[in-house]
file target.cif (mmCIF, C-alpha atoms and all ligand atoms)
data_structure
loop_
_atom_site.label_atom_id
_atom_site.label_comp_id
_atom_site.auth_asym_id
_atom_site.auth_seq_id
_atom_site.Cartn_x
_atom_site.Cartn_y
_atom_site.Cartn_z
CA MET I 1 118.55 125.03 -158.70
CA GLY I 2 117.08 121.59 -159.38
CA HIS I 3 117.04 119.90 -162.76
CA LEU I 4 114.74 121.48 -165.32
CA LEU I 5 113.47 118.04 -166.26
CA GLU I 6 114.00 114.74 -164.56
CA VAL I 7 112.68 111.49 -165.99
CA LYS I 8 112.80 108.74 -163.40
CA ASN I 9 112.32 105.01 -164.04
CA LEU I 10 109.85 105.57 -166.87
CA GLU I 11 108.01 102.44 -168.09
CA VAL I 12 105.69 102.58 -171.10
CA ASN I 13 103.81 99.63 -172.63
CA PHE I 14 101.72 99.36 -175.77
CA LYS I 15 98.92 96.83 -176.21
CA THR I 16 98.83 95.31 -179.68
CA TYR I 17 97.09 92.30 -181.22
CA GLY I 18 100.31 90.36 -180.82
CA GLY I 19 100.56 91.11 -177.11
CA GLU I 20 101.94 93.81 -174.87
CA VAL I 21 105.07 95.59 -176.06
CA LYS I 22 107.49 97.05 -173.55
CA ALA I 23 108.40 100.19 -175.45
CA VAL I 24 110.29 102.00 -172.68
CA ARG I 25 111.95 100.22 -169.79
CA ASP I 26 113.30 101.89 -166.67
CA VAL I 27 114.40 105.04 -168.47
CA SER I 28 115.98 107.77 -166.32
CA PHE I 29 117.79 110.95 -167.35
CA HIS I 30 117.75 114.62 -166.55
CA VAL I 31 118.08 117.89 -168.41
CA GLU I 32 119.64 121.02 -166.91
CA HIS I 33 118.76 124.61 -167.72
CA GLY I 34 120.21 125.70 -171.08
CA GLU I 35 121.54 122.23 -171.92
CA VAL I 36 121.20 120.13 -175.09
CA ILE I 37 120.78 116.41 -174.58
CA ALA I 38 120.52 114.02 -177.49
CA ILE I 39 118.62 110.75 -177.31
CA VAL I 40 119.98 108.45 -179.99
CA GLY I 41 118.60 105.17 -181.27
CA GLU I 42 117.12 103.27 -184.19
CA SER I 43 113.40 103.40 -184.88
CA GLY I 44 111.60 101.30 -182.28
CA SER I 45 114.29 101.99 -179.67
CA GLY I 46 111.81 103.90 -177.50
CA LYS I 47 113.28 107.36 -178.05
CA SER I 48 110.14 108.87 -179.54
CA VAL I 49 107.88 107.14 -177.01
CA THR I 50 110.02 108.68 -174.26
CA VAL I 51 109.48 112.23 -175.51
CA GLN I 52 105.83 111.59 -176.31
CA SER I 53 105.44 110.65 -172.64
CA ILE I 54 106.95 114.00 -171.64
CA MET I 55 104.49 115.81 -173.91
CA GLY I 56 101.50 113.80 -172.70
CA LEU I 57 101.08 112.40 -176.21
CA ILE I 58 100.89 108.67 -175.47
CA PRO I 59 97.52 107.47 -176.75
CA ASP I 60 95.88 105.51 -173.90
CA PRO I 61 94.78 102.93 -175.06
CA PRO I 62 96.78 101.30 -176.62
CA GLY I 63 99.68 102.99 -174.77
CA LYS I 64 100.03 102.99 -171.02
CA ILE I 65 102.55 104.66 -168.77
CA LYS I 66 103.16 101.86 -166.31
CA GLY I 67 105.47 103.59 -163.92
CA GLY I 68 107.96 106.32 -163.19
CA GLN I 69 107.91 110.07 -162.86
CA ILE I 70 108.47 112.99 -165.23
CA LEU I 71 109.40 115.96 -163.08
CA PHE I 72 109.39 119.32 -164.86
CA GLU I 73 110.49 122.16 -162.57
CA GLY I 74 109.82 119.72 -159.75
CA GLN I 75 106.22 118.99 -160.79
CA ASP I 76 105.25 115.47 -161.93
CA LEU I 77 103.75 115.88 -165.41
CA LEU I 78 102.22 112.41 -165.19
CA LYS I 79 99.94 113.61 -162.41
CA LEU I 80 98.58 116.65 -164.27
CA SER I 81 95.11 116.82 -165.78
CA LYS I 82 94.78 117.29 -169.54
CA LYS I 83 93.88 120.93 -168.98
CA GLU I 84 96.91 121.58 -166.77
CA MET I 85 99.14 119.80 -169.28
CA ASN I 86 97.79 121.92 -172.13
CA LYS I 87 98.95 125.03 -170.28
CA ILE I 88 102.50 123.68 -170.25
CA LYS I 89 102.52 122.29 -173.81
CA GLY I 90 103.48 124.85 -176.42
CA PHE I 91 104.26 127.35 -173.70
CA LYS I 92 106.88 125.97 -171.32
CA ILE I 93 107.65 122.85 -173.35
CA SER I 94 107.29 122.82 -177.12
CA MET I 95 108.11 120.40 -179.86
CA VAL I 96 109.46 120.38 -183.41
CA PHE I 97 108.65 117.33 -185.53
CA GLN I 98 110.44 115.68 -188.40
CA ASP I 99 108.02 116.64 -191.13
CA PRO I 100 106.87 120.25 -190.96
CA MET I 101 104.32 119.67 -193.74
CA THR I 102 102.17 117.51 -191.47
CA SER I 103 102.33 120.01 -188.60
CA LEU I 104 101.80 123.22 -190.59
CA ASN I 105 98.34 124.19 -191.77
CA PRO I 106 98.59 124.42 -195.59
CA THR I 107 95.69 126.89 -195.83
CA MET I 108 96.97 129.40 -193.32
CA LYS I 109 99.61 132.11 -193.74
CA ILE I 110 102.89 131.34 -191.99
CA GLY I 111 102.73 134.54 -189.93
CA LYS I 112 99.26 133.73 -188.64
CA GLN I 113 100.42 130.26 -187.59
CA ILE I 114 103.20 131.76 -185.49
CA GLU I 115 100.77 134.26 -184.00
CA GLU I 116 98.24 131.59 -183.15
CA GLY I 117 100.57 129.88 -180.71
CA LEU I 118 101.54 133.18 -179.17
CA ARG I 119 97.99 134.32 -178.58
CA LEU I 120 96.89 130.96 -177.23
CA HIS I 121 99.28 131.22 -174.33
CA GLN I 122 99.80 134.94 -173.91
CA ASP I 123 97.28 137.67 -173.62
CA ILE I 124 98.79 140.04 -176.18
CA PRO I 125 97.01 142.35 -178.63
CA LYS I 126 96.88 141.41 -182.31
CA HIS I 127 99.33 144.03 -183.59
CA GLU I 128 101.91 143.02 -181.00
CA ALA I 129 101.52 139.35 -181.89
CA LYS I 130 102.15 140.28 -185.53
CA LYS I 131 105.25 142.25 -184.59
CA LYS I 132 106.53 139.34 -182.54
CA ALA I 133 105.77 136.86 -185.35
CA ILE I 134 107.82 138.96 -187.82
CA GLU I 135 110.63 139.14 -185.27
CA MET I 136 110.57 135.36 -184.92
CA ILE I 137 110.74 134.89 -188.71
CA LYS I 138 113.83 137.13 -188.73
CA LEU I 139 115.31 135.37 -185.73
CA VAL I 140 115.20 131.95 -187.42
CA GLY I 141 117.09 133.39 -190.38
CA ILE I 142 114.34 133.67 -192.99
CA PRO I 143 115.06 136.71 -195.21
CA ASN I 144 112.34 139.27 -196.10
CA ALA I 145 110.38 138.52 -192.95
CA LYS I 146 107.52 140.94 -193.65
CA GLU I 147 106.77 139.43 -197.06
CA ARG I 148 107.29 135.90 -195.81
CA TYR I 149 104.75 136.52 -193.03
CA GLU I 150 102.04 136.71 -195.73
CA GLN I 151 103.01 133.47 -197.49
CA TYR I 152 101.72 129.91 -197.22
CA PRO I 153 103.71 126.76 -196.30
CA HIS I 154 103.98 125.51 -199.92
CA GLU I 155 105.91 128.67 -200.81
CA PHE I 156 108.75 127.63 -198.49
CA SER I 157 111.50 125.07 -199.09
CA GLY I 158 111.89 122.09 -196.71
CA GLY I 159 114.66 123.79 -194.72
CA MET I 160 112.72 127.06 -194.51
CA ARG I 161 109.60 125.22 -193.36
CA GLN I 162 111.60 123.62 -190.58
CA ARG I 163 112.79 127.12 -189.60
CA VAL I 164 109.14 128.19 -189.46
CA MET I 165 108.38 125.24 -187.15
CA ILE I 166 111.24 126.33 -184.91
CA ALA I 167 109.85 129.89 -184.91
CA ILE I 168 106.43 128.57 -183.85
CA ALA I 169 107.96 126.36 -181.16
CA LEU I 170 110.14 129.15 -179.76
CA ALA I 171 107.67 132.04 -180.04
CA CYS I 172 106.53 131.63 -176.43
CA ASN I 173 110.12 131.36 -175.23
CA PRO I 174 109.72 127.82 -173.82
CA LYS I 175 112.08 126.45 -171.19
CA LEU I 176 112.37 123.16 -173.05
CA LEU I 177 112.31 122.41 -176.77
CA ILE I 178 111.89 118.81 -177.89
CA ALA I 179 113.12 118.25 -181.44
CA ASP I 180 112.13 114.84 -182.84
CA GLU I 181 114.39 114.05 -185.81
CA PRO I 182 114.14 117.72 -186.85
CA THR I 183 116.59 117.46 -189.72
CA THR I 184 116.12 113.90 -190.96
CA ALA I 185 114.07 114.93 -193.99
CA LEU I 186 116.60 117.60 -195.03
CA ASP I 187 119.73 117.30 -197.10
CA VAL I 188 123.07 117.41 -195.32
CA THR I 189 123.92 121.09 -195.87
CA ILE I 190 120.48 122.33 -194.81
CA GLN I 191 120.57 119.89 -191.90
CA ALA I 192 123.78 121.48 -190.63
CA GLN I 193 122.27 124.96 -190.96
CA VAL I 194 119.11 124.04 -189.03
CA LEU I 195 121.16 122.40 -186.27
CA GLN I 196 123.40 125.46 -186.04
CA LEU I 197 120.29 127.64 -185.84
CA MET I 198 118.92 125.58 -182.95
CA LYS I 199 122.25 125.89 -181.18
CA ASP I 200 122.38 129.66 -181.65
CA LEU I 201 118.81 130.09 -180.46
CA LYS I 202 119.49 127.96 -177.43
CA GLU I 203 122.26 130.40 -176.47
CA LYS I 204 120.11 133.46 -177.15
CA MET I 205 116.96 132.25 -175.45
CA ASP I 206 118.48 129.95 -172.81
CA THR I 207 116.20 127.10 -173.88
CA SER I 208 117.10 123.52 -173.04
CA ILE I 209 116.79 121.07 -175.92
CA ILE I 210 116.11 117.35 -176.14
CA LEU I 211 117.23 116.27 -179.59
CA ILE I 212 115.91 112.94 -180.80
CA THR I 213 117.89 111.36 -183.60
CA HIS I 214 118.90 108.04 -185.13
CA ASP I 215 122.15 109.58 -186.32
CA LEU I 216 125.02 109.93 -183.88
CA GLY I 217 126.68 112.15 -186.50
CA VAL I 218 124.35 115.09 -185.80
CA VAL I 219 125.02 114.82 -182.08
CA ALA I 220 128.70 115.76 -181.89
CA GLU I 221 128.22 119.34 -182.99
CA THR I 222 124.93 119.99 -181.25
CA ALA I 223 124.61 118.28 -177.88
CA GLU I 224 126.42 118.33 -174.57
CA LYS I 225 125.02 115.05 -173.26
CA VAL I 226 123.94 111.86 -175.00
CA ALA I 227 121.69 108.95 -174.06
CA VAL I 228 121.86 105.95 -176.38
CA MET I 229 118.67 103.87 -176.45
CA TYR I 230 118.24 100.31 -177.59
CA ALA I 231 115.12 98.15 -177.31
CA GLY I 232 113.45 100.54 -174.89
CA VAL I 233 116.46 100.83 -172.60
CA ILE I 234 119.13 103.52 -172.17
CA VAL I 235 122.21 101.40 -172.80
CA GLU I 236 124.80 104.17 -172.46
CA ALA I 237 124.73 107.79 -171.32
CA GLY I 238 127.35 110.44 -170.76
CA THR I 239 128.80 113.63 -172.12
CA VAL I 240 129.52 113.94 -175.83
CA GLU I 241 133.22 113.45 -174.98
CA ASP I 242 132.44 110.23 -173.05
CA ILE I 243 130.41 108.80 -175.90
CA PHE I 244 132.76 109.76 -178.73
CA ALA I 245 136.15 109.34 -177.04
CA ASP I 246 135.52 106.55 -174.55
CA PRO I 247 132.33 104.64 -175.40
CA LYS I 248 131.71 101.61 -173.19
CA HIS I 249 128.92 99.76 -174.98
CA PRO I 250 129.24 97.62 -178.14
CA TYR I 251 126.03 99.14 -179.53
CA THR I 252 127.53 102.63 -179.25
CA TRP I 253 130.66 101.34 -181.01
CA GLY I 254 128.45 100.15 -183.84
CA LEU I 255 126.70 103.52 -184.06
CA LEU I 256 130.03 105.33 -184.15
CA GLU I 257 131.19 103.08 -186.96
CA SER I 258 128.15 103.88 -189.02
CA ILE I 259 128.62 107.66 -188.96
CA PRO I 260 129.26 108.73 -192.53
CA ASN I 261 132.67 110.31 -192.95
CA VAL I 262 132.55 113.17 -195.43
CA GLU I 263 136.14 112.65 -196.43
CA GLU I 264 135.55 109.04 -197.41
CA ASN I 265 133.91 108.12 -200.65
CA GLU I 266 130.37 106.79 -200.84
CA LYS I 267 131.40 103.13 -200.90
CA GLN I 268 133.22 103.32 -197.58
CA ARG I 269 130.40 105.08 -195.80
CA LEU I 270 127.74 103.66 -193.49
CA VAL I 271 128.55 100.34 -191.95
CA PRO I 272 125.25 99.20 -190.54
CA ILE I 273 125.22 97.07 -187.42
CA GLU I 274 124.44 93.52 -188.44
CA GLY I 275 121.21 91.89 -187.32
CA ALA I 276 117.88 93.34 -186.33
CA PRO I 277 116.67 94.88 -183.08
CA PRO I 278 114.94 92.40 -180.77
CA ASP I 279 111.28 91.60 -180.80
CA LEU I 280 109.82 93.74 -178.05
CA PHE I 281 106.92 91.33 -177.43
CA SER I 282 109.33 89.05 -175.71
CA PRO I 283 112.62 90.90 -175.26
CA PRO I 284 115.53 88.58 -174.49
CA LYS I 285 115.95 87.84 -170.81
CA GLY I 286 119.46 89.20 -170.59
CA CYS I 287 121.08 92.03 -172.50
CA PRO I 288 118.78 93.16 -175.33
CA PHE I 289 121.79 93.62 -177.62
CA ALA I 290 123.14 90.09 -177.04
CA PRO I 291 121.83 88.54 -180.30
CA ARG I 292 123.78 91.14 -182.29
CA CYS I 293 126.81 91.50 -180.04
CA LYS I 294 130.10 89.89 -181.02
CA TYR I 295 131.38 90.18 -177.43
CA ALA I 296 128.37 88.41 -175.84
CA MET I 297 129.25 86.18 -172.88
CA ASN I 298 127.13 83.59 -171.04
CA ILE I 299 125.93 86.06 -168.45
CA CYS I 300 124.68 88.36 -171.24
CA MET I 301 122.03 85.82 -172.25
CA LYS I 302 120.83 85.34 -168.70
CA GLU I 303 120.84 88.65 -166.92
CA MET I 304 120.13 92.22 -167.92
CA PRO I 305 123.34 94.16 -167.29
CA PRO I 306 122.96 96.75 -164.54
CA ALA I 307 123.83 100.41 -165.14
CA PHE I 308 127.60 100.38 -164.60
CA ASP I 309 128.85 103.70 -163.35
CA ILE I 310 131.99 104.46 -165.38
CA GLU I 311 132.76 107.90 -163.92
CA ASN I 312 131.20 111.32 -163.45
CA GLY I 313 127.76 110.34 -164.70
CA HIS I 314 129.04 108.21 -167.61
CA MET I 315 126.93 105.05 -167.48
CA ALA I 316 126.86 101.89 -169.58
CA ARG I 317 124.61 98.83 -169.33
CA CYS I 318 127.11 96.26 -170.54
CA TRP I 319 128.67 93.33 -168.70
CA LEU I 320 132.06 94.13 -170.22
CA ASN I 321 132.30 96.89 -167.61
CA ASP I 322 132.13 94.38 -164.78
CA THR I 323 135.50 93.96 -163.10
CA ARG I 324 135.28 90.18 -163.71
CA ALA I 325 134.74 90.54 -167.46
CA PRO I 326 137.58 89.86 -169.90
CA LYS I 327 139.42 93.03 -170.82
CA ILE I 328 139.08 94.12 -174.39
CA ASP I 329 142.04 96.31 -175.27
CA ASN I 330 141.24 99.76 -176.45
CA LEU I 331 137.51 99.40 -176.86
CA VAL I 332 137.15 102.32 -179.25
CA ALA I 333 139.77 100.90 -181.57
CA ALA I 334 138.21 97.45 -181.26
CA GLY I 335 134.89 98.87 -182.30
CA ARG I 336 136.27 100.85 -185.19
CA SER I 337 139.25 98.89 -186.46
CA ASN I 338 137.34 96.51 -188.74
CA HIS I 339 136.68 99.14 -191.32
CA ASP I 340 139.79 101.32 -191.18
FE1 LIG I 401 127.33 92.61 -175.58
FE2 LIG I 401 127.07 91.40 -173.23
FE3 LIG I 401 127.64 93.98 -173.33
FE4 LIG I 401 125.25 93.11 -174.01
S1 LIG I 401 126.16 92.99 -172.01
S2 LIG I 401 126.44 94.59 -175.09
S3 LIG I 401 125.75 91.19 -175.01
S4 LIG I 401 128.92 92.29 -174.05
#

call {"tool": "encode", "arguments": {"input": "target.cif", "output": "structure tokens", "more": "lines below"}}
Ligand code: SF4
result
Amino acid sequence: MGHLLEVKNLEVNFKTYGGEVKAVRDVSFHVEHGEVIAIVGESGSGKSVTVQSIMGLIPDPPGKIKGGQILFEGQDLLKLSKKEMNKIKGFKISMVFQDPMTSLNPTMKIGKQIEEGLRLHQDIPKHEAKKKAIEMIKLVGIPNAKERYEQYPHEFSGGMRQRVMIAIALACNPKLLIADEPTTALDVTIQAQVLQLMKDLKEKMDTSIILITHDLGVVAETAEKVAVMYAGVIVEAGTVEDIFADPKHPYTWGLLESIPNVEENEKQRLVPIEGAPPDLFSPPKGCPFAPRCKYAMNICMKEMPPAFDIENGHMARCWLNDTRAPKIDNLVAAGRSNHD
């Protein structure tokens, strides 16, 4: 069986008054059936633009997909008409956003909103859609499903609203769920519950998930594979074990350092990476992370590092992985030692 989704050499630009911004540069990754992949990066790293491209949500103008392919079950989504894409959206691929309040209709009962999606894509009678909607409410762990079906979004807490969004997204049993910062607006405990729910549902429904997040902390428990994005580029990709136990890019080291540790007290938490992401109007010629990187060498300023193949699909775009580069002992420790 081929990949469920394969993004190949995706390039997306945005026209702005200041000039053309290269929001996504040569991005490639793939998602297998039943797999969770996390795309991690700061805001402006291109992670959301990447998934918006998959969903056909790039506004053109000012956005423009300049190149690449997005193959879903072997079919290039970039070549589909709007009508053909609408058949796939919400049915085979659906999305959960960060803020359910902006996606839910405040004047419509929750149950009806779940039904709406179902009936749009499936020719099922009303009473069956209602039955299915109540089942979905139960499935996402909302108690008293029948009563909750009749309620409006404002009667739900933030965490419960996000569960409703997941119910809507999964009602048609999509092959791929894209979750864009689904738990960012929630407090830590609720966040963990929603992530666990997504994981359980993935097992039950065999749905693949692309999880977009700025927080590497939510990745460890949820995903199998990780792609780290910086300035529109995937700078490191691999399994969760590769990224957490043997990261090969200084930006990933920085992200790992900034994961809050629950056992530490507040003061010791969050060590942000110094400096700001590059200006995407004129990204630096070489490595985009060079202005913030304490290991930067001459070559880093001049040439974009290629994708170094570490092993078994673990990839890092960093010159330190070149055989001619100086060896930095125990890279993980080097990245983390400053704050131990
Ligand atoms: Fe740092 Fe150079 Fe690696 Fe970029 S390529 S992350 S500047 S060492």

call {"tool": "residues_around", "arguments": {"input": "target.cif", "residues": "Leu320 of chain I", "least_positions_apart": "4", "cutoff": "9 Å", "atoms": "only C-alpha atoms", "output": "list in words"}}
result
Lys248, His249, Tyr295, Ala296, Met297, Arg324, Ala325, Pro326, Lys327 and Ile328 of chain I

call {"tool": "write_last_selection", "arguments": {"input": "target.cif", "atoms": "C-alpha atoms", "output": "tab-separated table (two decimals), in the coordinates of the input"}}
result
chain	number	residue	atom	x	y	z
I	248	LYS	CA	131.71	101.61	-173.19
I	249	HIS	CA	128.92	99.76	-174.98
I	295	TYR	CA	131.38	90.18	-177.43
I	296	ALA	CA	128.37	88.41	-175.84
I	297	MET	CA	129.25	86.18	-172.88
I	324	ARG	CA	135.28	90.18	-163.71
I	325	ALA	CA	134.74	90.54	-167.46
I	326	PRO	CA	137.58	89.86	-169.90
I	327	LYS	CA	139.42	93.03	-170.82
I	328	ILE	CA	139.08	94.12	-174.39

call {"tool": "closest_residue", "arguments": {"input": "target.cif", "among": "I:Tyr17, I:Phe244, I:Phe308, I:Trp253", "to": "Lys294 of chain I", "atoms": "all atoms listed in the file"}}
result
I:Trp253

call {"tool": "residues_around", "arguments": {"input": "target.cif", "residues": "Gln162 of chain I", "least_positions_apart": "4", "cutoff": "12 Å", "atoms": "all atoms listed in the file", "output": "number ranges by chain"}}
result
I: 95-104, 110, 137, 140-142, 153, 156-158, 166-169, 179-186, 190-191, 193-195, 197-198

call {"tool": "write_last_selection", "arguments": {"input": "target.cif", "atoms": "C-alpha atoms", "output": "mmCIF file, keeping the file's coordinate frame"}}
result
data_model
loop_
_atom_site.group_PDB
_atom_site.id
_atom_site.type_symbol
_atom_site.label_atom_id
_atom_site.label_comp_id
_atom_site.auth_asym_id
_atom_site.auth_seq_id
_atom_site.Cartn_x
_atom_site.Cartn_y
_atom_site.Cartn_z
ATOM 1 C CA MET I 95 108.110 120.400 -179.860
ATOM 2 C CA VAL I 96 109.460 120.380 -183.410
ATOM 3 C CA PHE I 97 108.650 117.330 -185.530
ATOM 4 C CA GLN I 98 110.440 115.680 -188.400
ATOM 5 C CA ASP I 99 108.020 116.640 -191.130
ATOM 6 C CA PRO I 100 106.870 120.250 -190.960
ATOM 7 C CA MET I 101 104.320 119.670 -193.740
ATOM 8 C CA THR I 102 102.170 117.510 -191.470
ATOM 9 C CA SER I 103 102.330 120.010 -188.600
ATOM 10 C CA LEU I 104 101.800 123.220 -190.590
ATOM 11 C CA ILE I 110 102.890 131.340 -191.990
ATOM 12 C CA ILE I 137 110.740 134.890 -188.710
ATOM 13 C CA VAL I 140 115.200 131.950 -187.420
ATOM 14 C CA GLY I 141 117.090 133.390 -190.380
ATOM 15 C CA ILE I 142 114.340 133.670 -192.990
ATOM 16 C CA PRO I 153 103.710 126.760 -196.300
ATOM 17 C CA PHE I 156 108.750 127.630 -198.490
ATOM 18 C CA SER I 157 111.500 125.070 -199.090
ATOM 19 C CA GLY I 158 111.890 122.090 -196.710
ATOM 20 C CA ILE I 166 111.240 126.330 -184.910
ATOM 21 C CA ALA I 167 109.850 129.890 -184.910
ATOM 22 C CA ILE I 168 106.430 128.570 -183.850
ATOM 23 C CA ALA I 169 107.960 126.360 -181.160
ATOM 24 C CA ALA I 179 113.120 118.250 -181.440
ATOM 25 C CA ASP I 180 112.130 114.840 -182.840
ATOM 26 C CA GLU I 181 114.390 114.050 -185.810
ATOM 27 C CA PRO I 182 114.140 117.720 -186.850
ATOM 28 C CA THR I 183 116.590 117.460 -189.720
ATOM 29 C CA THR I 184 116.120 113.900 -190.960
ATOM 30 C CA ALA I 185 114.070 114.930 -193.990
ATOM 31 C CA LEU I 186 116.600 117.600 -195.030
ATOM 32 C CA ILE I 190 120.480 122.330 -194.810
ATOM 33 C CA GLN I 191 120.570 119.890 -191.900
ATOM 34 C CA GLN I 193 122.270 124.960 -190.960
ATOM 35 C CA VAL I 194 119.110 124.040 -189.030
ATOM 36 C CA LEU I 195 121.160 122.400 -186.270
ATOM 37 C CA LEU I 197 120.290 127.640 -185.840
ATOM 38 C CA MET I 198 118.920 125.580 -182.950
#

call {"tool": "closest_residue", "arguments": {"input": "target.cif", "among": "I:Gln75, I:Asn86, I:Thr207, I:Thr222", "to": "Ala192 of chain I", "atoms": "only C-alpha atoms"}}
result
I:Thr222

call {"tool": "residues_near_point", "arguments": {"input": "target.cif", "point": "(99.1, 124.5, -171.1)", "cutoff": "12 Å", "atoms": "all atoms listed in the file", "output": "MDAnalysis selection string"}}
result
chainID I and resid 55:56 77 80:94 117 120:122 172 174

call {"tool": "axis_aligned_box", "arguments": {"input": "target.cif", "around": "ligand LIG 401 (chain I)", "padding_each_side": "4 Å", "output": "lines of an AutoDock Vina configuration file"}}
result
center_x = 127.1
center_y = 92.9
center_z = -173.8
size_x = 11.7
size_y = 11.4
size_z = 11.6

call {"tool": "residues_around", "arguments": {"input": "target.cif", "residues": "segment 4-15 of chain I", "least_positions_apart": "3", "cutoff": "7 Å", "atoms": "all atoms listed in the file", "output": "list in words"}}
result
Gly19, Glu20, Val21, Lys22, Ala23, Val24, Arg25, Asp26, Val27, Ser28, Phe29, His30, Val31, Glu32, His33, Pro62, Gly63, Lys64, Ile65, Lys66, Gly67, Gly68, Gln69, Ile70, Leu71, Phe72 and Glu73 of chain I

call {"tool": "atom_distance", "arguments": {"input": "target.cif", "atom1": "atom CA of Met160 of chain I", "atom2": "atom CA of Glu115 of chain I"}}
result
17.5 Å

call {"tool": "residues_near_ligand", "arguments": {"input": "target.cif", "ligand": "ligand LIG 401 (chain I)", "cutoff": "9 Å", "atoms": "all atoms listed in the file", "output": "PyMOL selection string"}}
result
chain I and resi 235+248-251+286-301+303-306+316-321+325

call {"tool": "atom_distance", "arguments": {"input": "target.cif", "atom1": "atom CA of Gly232 of chain I", "atom2": "atom CA of Glu42 of chain I"}}
result
10.4 Å

call {"tool": "atom_distance", "arguments": {"input": "target.cif", "atom1": "atom CA of Gly46 of chain I", "atom2": "atom CA of Gly74 of chain I"}}
result
23.9 Å

call {"tool": "closest_residue", "arguments": {"input": "target.cif", "among": "I:Val164, I:Val218, I:Glu257, I:Thr213", "to": "Val188 of chain I", "atoms": "all atoms listed in the file"}}
result
I:Val218

call {"tool": "closest_residue", "arguments": {"input": "target.cif", "among": "I:Ala245, I:Ile114, I:Met205, I:Leu255", "to": "His314 of chain I", "atoms": "all atoms listed in the file"}}
result
I:Ala245

call {"tool": "closest_residue", "arguments": {"input": "target.cif", "among": "I:Gly41, I:Gly18, I:Gly313, I:Pro143", "to": "Val228 of chain I", "atoms": "all atoms listed in the file"}}
result
I:Gly41

call {"tool": "closest_residue", "arguments": {"input": "target.cif", "among": "I:Glu224, I:Asp322, I:Glu155, I:Asp123", "to": "Leu211 of chain I", "atoms": "only C-alpha atoms"}}
result
I:Glu224

call {"tool": "residues_around", "arguments": {"input": "target.cif", "residues": "Lys202 of chain I", "least_positions_apart": "5", "cutoff": "10 Å", "atoms": "all atoms listed in the file", "output": "list in words"}}
result
Gly34, Glu35, Val36, Leu170, Lys175, Leu176, Leu177, Gln196, Leu197, Thr207, Ser208 and Ile209 of chain I

call {"tool": "write_last_selection", "arguments": {"input": "target.cif", "atoms": "C-alpha atoms", "output": "JSON list (two decimals), in the frame of the given file"}}
result
[["chain", "number", "residue", "atom", "x", "y", "z"],
["I", 34, "GLY", "CA", 120.21, 125.70, -171.08],
["I", 35, "GLU", "CA", 121.54, 122.23, -171.92],
["I", 36, "VAL", "CA", 121.20, 120.13, -175.09],
["I", 170, "LEU", "CA", 110.14, 129.15, -179.76],
["I", 175, "LYS", "CA", 112.08, 126.45, -171.19],
["I", 176, "LEU", "CA", 112.37, 123.16, -173.05],
["I", 177, "LEU", "CA", 112.31, 122.41, -176.77],
["I", 196, "GLN", "CA", 123.40, 125.46, -186.04],
["I", 197, "LEU", "CA", 120.29, 127.64, -185.84],
["I", 207, "THR", "CA", 116.20, 127.10, -173.88],
["I", 208, "SER", "CA", 117.10, 123.52, -173.04],
["I", 209, "ILE", "CA", 116.79, 121.07, -175.92]]

call {"tool": "residues_around", "arguments": {"input": "target.cif", "residues": "Met108 of chain I", "least_positions_apart": "4", "cutoff": "10 Å", "atoms": "only C-alpha atoms", "output": "PyMOL selection string"}}
result
chain I and resi 104+112-113+150-153

call {"tool": "build_atoms", "arguments": {"input": "target.cif", "residues": "segment 177-184 of chain I", "atoms": "N, CA, C and O atoms", "output": "CSV table (one decimal), in the coordinates of the input"}}
result
chain,number,residue,atom,x,y,z
I,177,LEU,N,112.7,122.7,-175.4
I,177,LEU,CA,112.3,122.4,-176.8
I,177,LEU,C,112.6,120.9,-177.1
I,177,LEU,O,113.8,120.5,-176.8
I,178,ILE,N,111.6,120.2,-177.5
I,178,ILE,CA,111.9,118.8,-177.9
I,178,ILE,C,111.9,118.7,-179.4
I,178,ILE,O,110.9,119.1,-180.1
I,179,ALA,N,113.0,118.3,-180.0
I,179,ALA,CA,113.1,118.2,-181.4
I,179,ALA,C,113.2,116.8,-181.8
I,179,ALA,O,114.2,116.1,-181.6
I,180,ASP,N,112.2,116.3,-182.5
I,180,ASP,CA,112.1,114.8,-182.8
I,180,ASP,C,112.6,114.7,-184.3
I,180,ASP,O,111.8,115.0,-185.2
I,181,GLU,N,113.8,114.2,-184.5
I,181,GLU,CA,114.4,114.0,-185.8
I,181,GLU,C,114.2,115.3,-186.7
I,181,GLU,O,113.7,115.2,-187.8
I,182,PRO,N,114.5,116.5,-186.2
I,182,PRO,CA,114.1,117.7,-186.8
I,182,PRO,C,114.8,117.9,-188.2
I,182,PRO,O,114.3,118.7,-189.0
I,183,THR,N,115.9,117.2,-188.5
I,183,THR,CA,116.6,117.5,-189.7
I,183,THR,C,116.7,116.2,-190.6
I,183,THR,O,117.3,116.3,-191.7
I,184,THR,N,116.0,115.2,-190.2
I,184,THR,CA,116.1,113.9,-191.0
I,184,THR,C,115.7,114.0,-192.4
I,184,THR,O,116.2,113.4,-193.3
